[in-house]
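Below is one structure, written out as structure tokens; comments come after it.
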Amino acid sequence: MSVAGVDVVVSGGRVVTATEVLDTAVAIKGGRIVAIGDAAALPRADRVIDATGKYVLPGLIDCHLHVGPEYDDWRTAPLAAARTGLTTLLPFVVYDDGEGVPAAVNRLREEAQALSVLDFGMHMILNHEPHVLDGLAETVRLGVSSFKLFMTYKKRPKRMVSDEFIAKTMERLAALGGLCQLHCENGDVLCYLEDKAIAEGRTTPIDFPATCPDWTEEEAINRAILIGRLTGCPVYVVHLSTKLGLERIKRAHAEGQRVWTETCPQYLLLTDKEMERWGPFAKIGPPLRPAGGPDGSALWGGVEHGHVATVASDHSPRVPAAKEPGRKNIFVDAQGKPIPFGAPSLETLVPLMWSEGVAKRGLPPTWIARVLAENPARIFGLYPRKGAIRVGSDADLTIWDPAPEWTIDKSQHLGIAGFTPYEGWKVRGRPWTTLVRGQVMLNPAGELEQKPGFGRFLARTGPQPPLGGSVR
């Protein structure tokens, strides 16, 4: 490195934060941002990245995806994500039977550090097993501060939790400064409606969405909010899919409660008509909502006006063989085993949100920096290390070229699913270069310059409130 210089200067581009767009340059040294200002006033750099015509965004974060034996693994998922402009992943993980939650964190951290090309944290899924609550304090000390509970999936052993278990979990997390994430659907009602559909022979893929009506999401969100208020625990509603649910969350915001939510591209862009095209491959939970209904437009309003804090992929790919039996019975296979939920979305998250949100709907680039960088970092205890372009932050940058026009094609994807529900979707914009801790990850040729094992585990603290209000 040159004397009194820096490692890298990124200049010529428009620097985008969650609140403003600046014609400025960014200086990086030792993996951190050390200065922001006019390029001529910055120290000499060993490397200058000319980002003319590009947007320089904070490194983008996917705060909801699934990694593990049933899904893409710690090698494949980060490689796929890195090629799309993401720099940090916060996946959901599970502990093994008989394994304490802290032990699972230590095991998974070592596994992921050996394989991941991107920096990563973890959200831990808790099953309905009261003994696991005894490990929460140690788990938080290890840097995992967010925990997910399922209010549905009654037919999966120990997966659906009771209201009592939610209250006990929230009480402990409130004392520890943690965050409770919830999949909000009324599992008892969904189980009843599924059994009724099976008994009546309504088992084709297009019969599935009707067994998960919108009010079952709102009802579960209401319970989660009220238990959060009872215990003083911050609440995070994952993958919001309905207008009804959004209205209940808006009421909680008006009452000053710490309740935050995310939505996903599939709920902004797709409808239950996809069940006709993709059959069981479009079976996700919550389901794709009715075409012509109010939900998609309401969610776009939610992300624009700040009621929906983040957008995430909910990447839950399954191998085709696990999904195929659902063509005959969308609920269970011939042996009575449930047809799995989930679809791939990690590799389409960023291009779809730029193309559909910024290029098509005219949302400002600051919106991307808000919902895919700063707000995820705030809510999940990473801010300002991640999610920001400011002095002292990790030098994670996503440099975005808004000009290219291209078509989504499954052959370009690395994941196990073998399909994308956005096949043939025309998009605008793509990542040009990314940096992780000051090192080039994705280069302009579309190649990754870092290898699996480059990623670091991110120990996280408790949540900070996300930015709200309209982005316009």
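Convention: chains lettered A, B, ... in structure tokens order; per-chain residue numbering from 1; ligands numbered from 1 as shown.
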Once you count only C-alpha atoms, what closest atom pair and distance in Å to one decimal does each residue of range 355-449 of chain A within 12 Å of range 32-55 of chain A have, with rows by chain and rising residue number, as CSV?
residue,atom,partner,partner_atom,distance
A:Pro364,CA,A:Tyr55,CA,11.6
A:Pro365,CA,A:Tyr55,CA,8.3
A:Thr366,CA,A:Tyr55,CA,10.3
A:Ile368,CA,A:Tyr55,CA,11.0
A:Ala369,CA,A:Tyr55,CA,10.6
A:Pro384,CA,A:Ile33,CA,11.3
A:Arg385,CA,A:Arg32,CA,9.0
A:Lys386,CA,A:Arg32,CA,10.4
A:Ala388,CA,A:Ile33,CA,9.8
A:Ile389,CA,A:Ile33,CA,7.4
A:Arg390,CA,A:Ile33,CA,6.5
A:Val391,CA,A:Ile33,CA,5.0
A:Gly392,CA,A:Ile33,CA,5.4
A:Ser393,CA,A:Arg32,CA,5.6
A:Asp394,CA,A:Arg32,CA,4.5
A:Ala395,CA,A:Arg32,CA,4.7
A:Asp396,CA,A:Arg32,CA,8.3
A:Leu397,CA,A:Tyr55,CA,9.9
A:Thr398,CA,A:Tyr55,CA,8.1
A:Ile399,CA,A:Tyr55,CA,5.6
A:Trp400,CA,A:Tyr55,CA,5.0
A:Asp401,CA,A:Lys54,CA,4.9
A:Pro402,CA,A:Lys54,CA,6.8
A:Ala403,CA,A:Lys54,CA,8.7
A:Pro404,CA,A:Lys54,CA,11.3
A:Gly429,CA,A:Lys54,CA,9.9
A:Arg430,CA,A:Lys54,CA,10.2
A:Pro431,CA,A:Lys54,CA,9.4
A:Trp432,CA,A:Lys54,CA,8.1
A:Thr433,CA,A:Ala51,CA,8.9
A:Thr434,CA,A:Ile49,CA,10.8
A:Leu435,CA,A:Ile49,CA,10.8
A:Val436,CA,A:Arg32,CA,9.6
A:Arg437,CA,A:Arg32,CA,6.3
A:Gly438,CA,A:Arg32,CA,6.5
A:Gln439,CA,A:Arg32,CA,10.1
A:Val440,CA,A:Ile49,CA,10.1
A:Asn443,CA,A:Ile49,CA,10.6
A:Pro444,CA,A:Ala51,CA,10.5
- request: Enumerate as number ranges by chain all residues of range 233-468 of chain A assigned to alpha helix (DSSP H) by DSSP on the backbone, naming them with the chain letters and numbers the document uses.
  value: A: 243-254, 265-269, 274-278, 295-305, 320-323, 349-352, 365-369, 375-379
Compile a residue-level contact table for range 158-266 of chain A against range 338-361 of chain A at a cut-off of 9 Å, reporting for every qualifying residue the shortest atom pair and its distance in Å to one decimal, with only C-alpha atoms counted, rows ordered by chain and ascending number, as a tab-separated table.
residue	atom	partner	partner_atom	distance
A:Cys264	CA	A:Leu349	CA	8.2
A:Pro265	CA	A:Leu349	CA	6.7
A:Gln266	CA	A:Ser345	CA	8.2
Within 12 Å of range 208-230 of chain A, which residues of range 299-359 of chain A come that close, and what is the closest atom pair and distance in Å for each? Count only C-alpha atoms and give it as a Markdown table.
| residue | atom | partner | partner_atom | distance |
| --- | --- | --- | --- | --- |
| A:Gly326 | CA | A:Phe208 | CA | 10.4 |
| A:Arg327 | CA | A:Phe208 | CA | 11.3 |
| A:Asn329 | CA | A:Phe208 | CA | 9.6 |
| A:Ile330 | CA | A:Phe208 | CA | 6.7 |
| A:Phe331 | CA | A:Phe208 | CA | 7.7 |
| A:Val332 | CA | A:Phe208 | CA | 11.5 |
| A:Ile339 | CA | A:Phe208 | CA | 11.2 |
| A:Phe341 | CA | A:Phe208 | CA | 11.2 |
message: Just list as a VMD selection string whatever in range 35-257 of chain A DSSP marks as strand (DSSP E or B).
response: chain A and resid 35 to 37 45 to 50 55 to 58 60 to 66 86 to 93 119 to 120 123 to 125 146 to 150 160 179 to 183 235 to 237
message: At a cut-off of 9 Å, using only C-alpha atoms, what residues contact Met275 in chain A? Leave out same-chain residues fewer than 2 positions from it and give the result as a ChimeraX atom specification.
response: /A:205-209,271-273,277-283,288
Since we have the selection now, will you write its residues out, keeping N, CA and C atoms, as a short mmCIF file (atom, residue, chain, number, x, y, z; two decimals), in the first residue's frame?
data_model
loop_
_atom_site.label_atom_id
_atom_site.label_comp_id
_atom_site.auth_asym_id
_atom_site.auth_seq_id
_atom_site.Cartn_x
_atom_site.Cartn_y
_atom_site.Cartn_z
N PRO A 205 -53.33 -28.98 -7.39
CA PRO A 205 -52.58 -27.80 -6.97
C PRO A 205 -53.41 -26.53 -6.86
N ILE A 206 -54.38 -26.34 -7.75
CA ILE A 206 -55.17 -25.11 -7.68
C ILE A 206 -56.13 -25.10 -6.49
N ASP A 207 -56.29 -26.25 -5.82
CA ASP A 207 -57.13 -26.30 -4.63
C ASP A 207 -56.39 -25.85 -3.37
N PHE A 208 -55.08 -25.74 -3.45
CA PHE A 208 -54.30 -25.44 -2.24
C PHE A 208 -54.54 -24.05 -1.66
N PRO A 209 -54.46 -22.96 -2.44
CA PRO A 209 -54.55 -21.63 -1.82
C PRO A 209 -55.81 -21.41 -0.99
N THR A 271 -49.29 -14.42 -8.20
CA THR A 271 -50.61 -14.71 -7.65
C THR A 271 -50.87 -16.22 -7.71
N ASP A 272 -52.05 -16.60 -7.21
CA ASP A 272 -52.38 -18.03 -7.20
C ASP A 272 -52.51 -18.63 -8.60
N LYS A 273 -52.52 -17.79 -9.64
CA LYS A 273 -52.54 -18.32 -11.01
C LYS A 273 -51.28 -19.13 -11.31
N ARG A 277 -49.64 -23.00 -13.66
CA ARG A 277 -48.44 -23.20 -14.48
C ARG A 277 -47.44 -24.14 -13.82
N TRP A 278 -47.21 -23.93 -12.53
CA TRP A 278 -46.12 -24.64 -11.87
C TRP A 278 -46.58 -25.77 -10.95
N GLY A 279 -47.87 -25.84 -10.67
CA GLY A 279 -48.36 -26.90 -9.81
C GLY A 279 -47.69 -26.90 -8.45
N PRO A 280 -47.24 -28.05 -7.96
CA PRO A 280 -46.66 -28.13 -6.61
C PRO A 280 -45.38 -27.30 -6.45
N PHE A 281 -44.73 -26.93 -7.53
CA PHE A 281 -43.52 -26.14 -7.43
C PHE A 281 -43.83 -24.72 -6.96
N ALA A 282 -45.09 -24.30 -7.05
CA ALA A 282 -45.50 -22.98 -6.57
C ALA A 282 -46.20 -23.07 -5.21
N LYS A 283 -46.12 -24.23 -4.58
CA LYS A 283 -46.71 -24.36 -3.24
C LYS A 283 -45.75 -23.76 -2.22
N LEU A 288 -49.48 -18.15 -2.42
CA LEU A 288 -49.67 -17.03 -3.34
C LEU A 288 -51.15 -16.63 -3.29
#
Non-local contacts of Asp134 in chain A (10 Å; only C-alpha atoms; under 2 positions in same chain excluded) as a PyMOL selection string: chain A and resi 100-102+130-132+136-139+169+172
Store the residues picked out above in a file with N, CA and C atoms, as a PDB file, in the first residue's frame.
ATOM      1  N   GLY A 100     -28.482 -29.268  21.917  1.00  0.00           N
ATOM      2  CA  GLY A 100     -28.849 -27.971  22.451  1.00  0.00           C
ATOM      3  C   GLY A 100     -28.680 -26.886  21.406  1.00  0.00           C
ATOM      4  N   VAL A 101     -29.413 -25.777  21.586  1.00  0.00           N
ATOM      5  CA  VAL A 101     -29.330 -24.696  20.620  1.00  0.00           C
ATOM      6  C   VAL A 101     -27.932 -24.086  20.563  1.00  0.00           C
ATOM      7  N   PRO A 102     -27.270 -23.827  21.695  1.00  0.00           N
ATOM      8  CA  PRO A 102     -25.903 -23.300  21.601  1.00  0.00           C
ATOM      9  C   PRO A 102     -24.950 -24.244  20.874  1.00  0.00           C
ATOM     10  N   PRO A 130     -40.021 -27.326  25.158  1.00  0.00           N
ATOM     11  CA  PRO A 130     -39.739 -26.352  26.219  1.00  0.00           C
ATOM     12  C   PRO A 130     -38.293 -26.337  26.705  1.00  0.00           C
ATOM     13  N   HIS A 131     -37.606 -27.467  26.627  1.00  0.00           N
ATOM     14  CA  HIS A 131     -36.246 -27.510  27.162  1.00  0.00           C
ATOM     15  C   HIS A 131     -35.294 -26.615  26.377  1.00  0.00           C
ATOM     16  N   VAL A 132     -35.591 -26.311  25.104  1.00  0.00           N
ATOM     17  CA  VAL A 132     -34.652 -25.510  24.321  1.00  0.00           C
ATOM     18  C   VAL A 132     -34.577 -24.078  24.834  1.00  0.00           C
ATOM     19  N   LEU A 136     -31.361 -20.311  25.454  1.00  0.00           N
ATOM     20  CA  LEU A 136     -31.470 -19.045  24.743  1.00  0.00           C
ATOM     21  C   LEU A 136     -30.429 -18.030  25.204  1.00  0.00           C
ATOM     22  N   ALA A 137     -30.186 -17.948  26.497  1.00  0.00           N
ATOM     23  CA  ALA A 137     -29.235 -16.951  26.996  1.00  0.00           C
ATOM     24  C   ALA A 137     -27.845 -17.191  26.424  1.00  0.00           C
ATOM     25  N   GLU A 138     -27.402 -18.442  26.425  1.00  0.00           N
ATOM     26  CA  GLU A 138     -26.084 -18.758  25.877  1.00  0.00           C
ATOM     27  C   GLU A 138     -26.055 -18.520  24.369  1.00  0.00           C
ATOM     28  N   THR A 139     -27.143 -18.819  23.687  1.00  0.00           N
ATOM     29  CA  THR A 139     -27.205 -18.605  22.242  1.00  0.00           C
ATOM     30  C   THR A 139     -27.066 -17.125  21.906  1.00  0.00           C
ATOM     31  N   THR A 169     -41.327 -17.985  25.290  1.00  0.00           N
ATOM     32  CA  THR A 169     -40.170 -17.616  24.474  1.00  0.00           C
ATOM     33  C   THR A 169     -39.990 -16.108  24.454  1.00  0.00           C
ATOM     34  N   ARG A 172     -38.555 -14.616  27.678  1.00  0.00           N
ATOM     35  CA  ARG A 172     -37.099 -14.784  27.804  1.00  0.00           C
ATOM     36  C   ARG A 172     -36.351 -13.864  26.852  1.00  0.00           C
TER      37      ARG A 172
END
query: What lies within 6 Å of range 241-251 of chain A using only C-alpha atoms, ignoring chain neighbours under 2 positions off, as a VMD selection string?
result: chain A and resid 218 253 to 254 267 295 298
Could the residues in this selection be written to a file with C-alpha atoms, as an mmCIF file, in the first residue's frame?
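For reference, again36.cif as written:
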data_model
loop_
_atom_site.group_PDB
_atom_site.id
_atom_site.type_symbol
_atom_site.label_atom_id
_atom_site.label_comp_id
_atom_site.auth_asym_id
_atom_site.auth_seq_id
_atom_site.Cartn_x
_atom_site.Cartn_y
_atom_site.Cartn_z
ATOM 1 C CA GLU A 218 -54.227 -11.710 10.146
ATOM 2 C CA HIS A 253 -47.235 0.892 14.629
ATOM 3 C CA ALA A 254 -49.793 3.588 15.452
ATOM 4 C CA TYR A 267 -46.197 -11.745 -2.738
ATOM 5 C CA ASP A 295 -52.931 -7.991 -1.435
ATOM 6 C CA ALA A 298 -51.386 -3.191 -0.583
#
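Across the structure, CA of Lys410 in chain A and CA of Gln113 in chain A are spaced 27.8 Å apart.
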message: I want to know what sits within 7 Å of His128 in chain A, based on only C-alpha atoms, with residues of the same chain fewer than 5 positions away left out; could you give that as a VMD selection string?
response: chain A and resid 158 to 161
So that I have them on file, write out the residues from the current selection with N, CA and C atoms, as a PDB file, in the first residue's frame.
ATOM      1  N   LYS A 158     -43.636 -31.368  16.197  1.00  0.00           N
ATOM      2  CA  LYS A 158     -43.065 -30.351  17.079  1.00  0.00           C
ATOM      3  C   LYS A 158     -42.849 -28.987  16.412  1.00  0.00           C
ATOM      4  N   ARG A 159     -43.277 -28.834  15.164  1.00  0.00           N
ATOM      5  CA  ARG A 159     -43.004 -27.579  14.465  1.00  0.00           C
ATOM      6  C   ARG A 159     -43.944 -26.454  14.922  1.00  0.00           C
ATOM      7  N   MET A 160     -45.238 -26.732  14.984  1.00  0.00           N
ATOM      8  CA  MET A 160     -46.188 -25.706  15.389  1.00  0.00           C
ATOM      9  C   MET A 160     -46.148 -25.533  16.904  1.00  0.00           C
ATOM     10  N   VAL A 161     -46.025 -24.276  17.338  1.00  0.00           N
ATOM     11  CA  VAL A 161     -45.928 -23.997  18.775  1.00  0.00           C
ATOM     12  C   VAL A 161     -47.256 -23.473  19.305  1.00  0.00           C
TER      13      VAL A 161
END
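Comparing A:Pro466, A:Ala199, A:Leu173, A:Ile284 by their smallest distance to Thr231 in chain A, the closest is A:Leu173 (using only C-alpha atoms).
We find CA of Ala27 in chain A and CA of Gly462 in chain A to be spaced 29.1 Å apart.
For the set A:Asp96, A:Asp72, A:Asp163, A:Asp62, the residue with the smallest atom-to-atom gap to Gly121 in chain A is A:Asp62, counting only C-alpha atoms.
Near Met441 in chain A, within 9 Å and counting only C-alpha atoms, sit Ala82, Arg83, Thr87, Val117, Leu118, Thr433, Thr434, Leu435, Val436, Glu447, Leu448, Glu449, Gln450 and Lys451 of chain A, not including residues fewer than 4 positions from it in the same chain.
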So that I have them on file, write out the residues from the current selection with N, CA and C atoms, as a JSON list (two decimals), in the first residue's frame.
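File produced: part.json:
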[["chain", "number", "residue", "atom", "x", "y", "z"],
["A", 82, "ALA", "N", -23.96, -14.41, -4.12],
["A", 82, "ALA", "CA", -22.89, -13.47, -4.46],
["A", 82, "ALA", "C", -22.96, -13.06, -5.92],
["A", 83, "ARG", "N", -23.41, -13.96, -6.78],
["A", 83, "ARG", "CA", -23.50, -13.64, -8.20],
["A", 83, "ARG", "C", -24.62, -12.65, -8.51],
["A", 87, "THR", "N", -24.28, -9.40, -0.43],
["A", 87, "THR", "CA", -23.00, -9.47, 0.27],
["A", 87, "THR", "C", -23.10, -10.11, 1.65],
["A", 117, "VAL", "N", -18.91, -18.16, 0.95],
["A", 117, "VAL", "CA", -18.14, -17.11, 0.31],
["A", 117, "VAL", "C", -18.57, -15.73, 0.79],
["A", 118, "LEU", "N", -19.74, -15.64, 1.44],
["A", 118, "LEU", "CA", -20.26, -14.37, 1.95],
["A", 118, "LEU", "C", -20.30, -14.37, 3.48],
["A", 433, "THR", "N", -20.26, -4.78, -9.83],
["A", 433, "THR", "CA", -19.15, -5.18, -8.96],
["A", 433, "THR", "C", -19.68, -5.18, -7.53],
["A", 434, "THR", "N", -19.21, -6.11, -6.71],
["A", 434, "THR", "CA", -19.49, -6.04, -5.28],
["A", 434, "THR", "C", -18.19, -6.15, -4.51],
["A", 435, "LEU", "N", -18.19, -5.56, -3.32],
["A", 435, "LEU", "CA", -17.06, -5.68, -2.39],
["A", 435, "LEU", "C", -17.59, -6.19, -1.07],
["A", 436, "VAL", "N", -16.84, -7.07, -0.46],
["A", 436, "VAL", "CA", -17.12, -7.56, 0.89],
["A", 436, "VAL", "C", -15.89, -7.32, 1.74],
["A", 447, "GLU", "N", -17.53, -12.69, -12.59],
["A", 447, "GLU", "CA", -16.79, -13.75, -11.90],
["A", 447, "GLU", "C", -16.63, -13.41, -10.42],
["A", 448, "LEU", "N", -16.58, -14.44, -9.59],
["A", 448, "LEU", "CA", -16.33, -14.25, -8.17],
["A", 448, "LEU", "C", -14.83, -14.35, -7.90],
["A", 449, "GLU", "N", -14.27, -13.33, -7.25],
["A", 449, "GLU", "CA", -12.84, -13.30, -7.00],
["A", 449, "GLU", "C", -12.47, -13.92, -5.65],
["A", 450, "GLN", "N", -13.45, -14.20, -4.80],
["A", 450, "GLN", "CA", -13.18, -14.84, -3.52],
["A", 450, "GLN", "C", -13.70, -16.28, -3.55],
["A", 451, "LYS", "N", -13.12, -17.10, -2.70],
["A", 451, "LYS", "CA", -13.43, -18.53, -2.69],
["A", 451, "LYS", "C", -14.27, -18.90, -1.47]]
For CA of Trp260 in chain A and CA of Ala312 in chain A, the interatomic separation in Å (one decimal): 13.2 Å
